[in-house]
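K.L.:
Please see the structure below; I have some questions.
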Amino acid sequence: MKKKLIYIIISVMLCLVIGFLSSFATQSSVNDWYLTLNKPSFNPPNWLFAPVWTVLYILMGIAAGWVWGKGFHHKYVKTGLYHFGFQLLLNALWSIVFFGLKSPFYALWVILALLIMLILTIRWFKVVSKVAAILLIPYLVWVCFATLLNYKIWELN
């Protein structure tokens with residue numbers, strides 16, 4: 001159990017660091033370029049994004065640590081964690097493309113790839129641990145919402 005807790009702490013910290021680094025791309029445009037965009041009526045207030053993402057990164061880290069704790073030598077654990085790592089990179093890439101490159105169109109392609117990779121991650125996590133798969137459901141719901149939001153911003157601009 002102690003080993004699993006260490007894996008969870010490492011995974012949570014990794015997710016939070018990725019989120020923190022991604023925020024640099026976001027901060028570069030959120031107070032100027034992003035304000036000029038036409039947004040749909042369901043666009044959340046800007047202050048909501050940081051707390052939501054913090055909770056999601058913590059849940060993601062717990063899920064990844066939980067799977068990792070099952071033993072990296074298992075094929076399903078490795079496969080699940082590889083998918084998890086790839087979706088985490090796509091997550092960071094989305095911020096870079098949307099905010100850093102100021103490209104909602106290309107960001108839409110990135111978030112669609114993220115959505116697919118996240119679904120695959122959840123499927124692999126479920127093979128290893130249903131708890132870990134369930135912990136990723138709020139993230140999946142948020143990414144679905146973010147995909148719709150990204151699409152509408154692209155469409156309106």
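Residues are named by chain letter and number: chains run A, B, ... in the order of the structure tokens, numbers start at 1 in each chain, and ligands are numbered from 1 in the order shown.
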Please provide as a count of residues only all residues within 7 Å of Leu108 in chain A, with the sequence filter that same-chain residues fewer than 6 positions apart are discarded (counting only C-alpha atoms).

P.N.:
3

K.L.:
So that each row is one residue of range 18-52 of chain A with an atom at most 7 Å from range 83-103 of chain A, can you give its shortest atom pair and the distance in Å to one decimal, using only C-alpha atoms, rows by chain and rising number, as CSV?

P.N.:
residue,atom,partner,partner_atom,distance
A:Ile18,CA,A:Ala92,CA,6.7
A:Ser22,CA,A:Ala92,CA,5.3
A:Ala25,CA,A:Gly100,CA,4.9
A:Thr26,CA,A:Phe99,CA,5.2
A:Ser28,CA,A:Gly100,CA,6.6
A:Ser29,CA,A:Phe99,CA,5.6

K.L.:
Emit the selected residues as a compact mmCIF listing (two decimals), in the first residue's frame, including N, CA, C and O atoms.

P.N.:
# COMPACT_ATOMS: atom_id res chain seq x y z
N ILE A 18 2.57 19.19 -15.47
CA ILE A 18 2.17 19.34 -16.88
C ILE A 18 1.12 20.43 -17.01
O ILE A 18 1.18 21.28 -17.90
N SER A 22 1.58 23.94 -18.98
CA SER A 22 0.62 24.28 -20.03
C SER A 22 0.00 25.66 -19.80
O SER A 22 -0.38 26.35 -20.74
N ALA A 25 1.36 28.74 -21.76
CA ALA A 25 0.81 29.01 -23.09
C ALA A 25 -0.54 29.70 -22.97
O ALA A 25 -0.85 30.64 -23.70
N THR A 26 -1.34 29.26 -22.00
CA THR A 26 -2.66 29.86 -21.80
C THR A 26 -2.53 31.32 -21.38
O THR A 26 -3.20 32.19 -21.94
N SER A 28 -0.31 33.40 -21.98
CA SER A 28 0.22 34.28 -23.02
C SER A 28 -0.88 34.94 -23.84
O SER A 28 -0.65 35.98 -24.46
N SER A 29 -2.09 34.35 -23.86
CA SER A 29 -3.15 34.88 -24.71
C SER A 29 -4.49 35.09 -24.02
O SER A 29 -5.37 35.72 -24.59

K.L.:
Counting only C-alpha atoms, which of A:Tyr106, A:Pro44, A:Leu114, A:Gly71 gets nearest to Cys144 in chain A?

P.N.:
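Between A:Tyr106, A:Pro44, A:Leu114, A:Gly71, the residue approaching Cys144 in chain A most closely is A:Leu114.
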
K.L.:
When you draw a straight line from CA of Leu112 in chain A to CA of Pro138 in chain A, how long is it in Å?

P.N.:
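Spanning CA of Leu112 in chain A to CA of Pro138 in chain A is a straight-line distance of 16.8 Å.
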
K.L.:
Taking only C-alpha atoms into account, name the residue in A:Val12, A:Leu37, A:Leu21, A:Leu81 that is nearest to Lys152 in chain A.

P.N.:
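Among the listed residues, A:Leu37 lies closest to Lys152 in chain A.
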
K.L.:
I'd like the neighbourhood of Lys4 in chain A as a ChimeraX atom specification, where a residue qualifies if any of its atoms comes within 10 Å (using only C-alpha atoms), though same-chain residues fewer than 2 positions away should be ignored.

P.N.:
/A:1-2,6-10,62,65-71

K.L.:
Find the residues near Tyr57 in chain A: any atom within 8 Å, counting only C-alpha atoms, skip ones fewer than 5 places away on the same chain, and give them as a PyMOL selection string.

P.N.:
chain A and resi 12+15-16+19

K.L.:
Write to file, as a PDB file, in the first residue's frame, the residues of the selection just made, with N, CA and C atoms.

P.N.:
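The resulting selection25.pdb:
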ATOM      1  N   VAL A  12       0.304  12.290  -9.424  1.00  0.00           N
ATOM      2  CA  VAL A  12      -0.423  13.552  -9.206  1.00  0.00           C
ATOM      3  C   VAL A  12       0.507  14.731  -9.455  1.00  0.00           C
ATOM      4  N   CYS A  15       1.126  15.193 -13.196  1.00  0.00           N
ATOM      5  CA  CYS A  15      -0.034  15.811 -13.858  1.00  0.00           C
ATOM      6  C   CYS A  15      -0.130  17.302 -13.529  1.00  0.00           C
ATOM      7  N   LEU A  16       0.078  17.652 -12.276  1.00  0.00           N
ATOM      8  CA  LEU A  16       0.015  19.065 -11.884  1.00  0.00           C
ATOM      9  C   LEU A  16       1.137  19.878 -12.539  1.00  0.00           C
ATOM     10  N   GLY A  19       0.153  20.430 -16.109  1.00  0.00           N
ATOM     11  CA  GLY A  19      -0.875  21.472 -16.127  1.00  0.00           C
ATOM     12  C   GLY A  19      -0.290  22.849 -15.882  1.00  0.00           C
TER      13      GLY A  19
END

K.L.:
Choose the residue, out of A:Leu140, A:Ala132, A:Leu148, A:Val77, that has the smallest atom-to-atom separation from Leu118 in chain A; count only C-alpha atoms.

P.N.:
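Answer, going by the shortest atom-to-atom distance: A:Leu140.
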
K.L.:
Of the candidates A:Leu56, A:Ile116, A:Val128, A:Val110, which one gets nearest to Lys78 in chain A if we count only C-alpha atoms?

P.N.:
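Between A:Leu56, A:Ile116, A:Val128, A:Val110, the residue approaching Lys78 in chain A most closely is A:Val128.
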
K.L.:
Find the residue from A:Trp53, A:Trp154, A:Phe24, A:Tyr82 that sits nearest to Thr121 in chain A; use only C-alpha atoms when measuring.

P.N.:
A:Tyr82

K.L.:
Give me the range 96-157 of chain A side of the contact with range 46-52 of chain A, cut-off 12 Å, one line per residue showing its nearest atom pair and distance in Å at one decimal, counting only C-alpha atoms, sorted by chain and residue number, as a Markdown table.

P.N.:
| residue | atom | partner | partner_atom | distance |
| --- | --- | --- | --- | --- |
| A:Pro138 | CA | A:Val52 | CA | 9.9 |
| A:Tyr139 | CA | A:Val52 | CA | 9.4 |
| A:Val141 | CA | A:Val52 | CA | 11.7 |
| A:Trp142 | CA | A:Val52 | CA | 8.8 |
| A:Val143 | CA | A:Val52 | CA | 11.4 |
| A:Ala146 | CA | A:Phe49 | CA | 10.5 |

K.L.:
What does the distance between CA of Lys130 in chain A and CA of Ala63 in chain A come to in Å, to one decimal place?

P.N.:
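Those two atoms sit 9.7 Å apart.
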
K.L.:
Per DSSP on the backbone, filter chain A down to the residues in alpha helix (DSSP H) and report them as a ChimeraX atom specification.

P.N.:
/A:2-30,33-36,46-68,75-95,104-128,130-135,137-156

K.L.:
So, counting only C-alpha atoms, which residue among A:Val17, A:Leu35, A:Ala64, A:Leu156 is closest to Val131 in chain A?

P.N.:
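Nearest to Val131 in chain A: A:Ala64.
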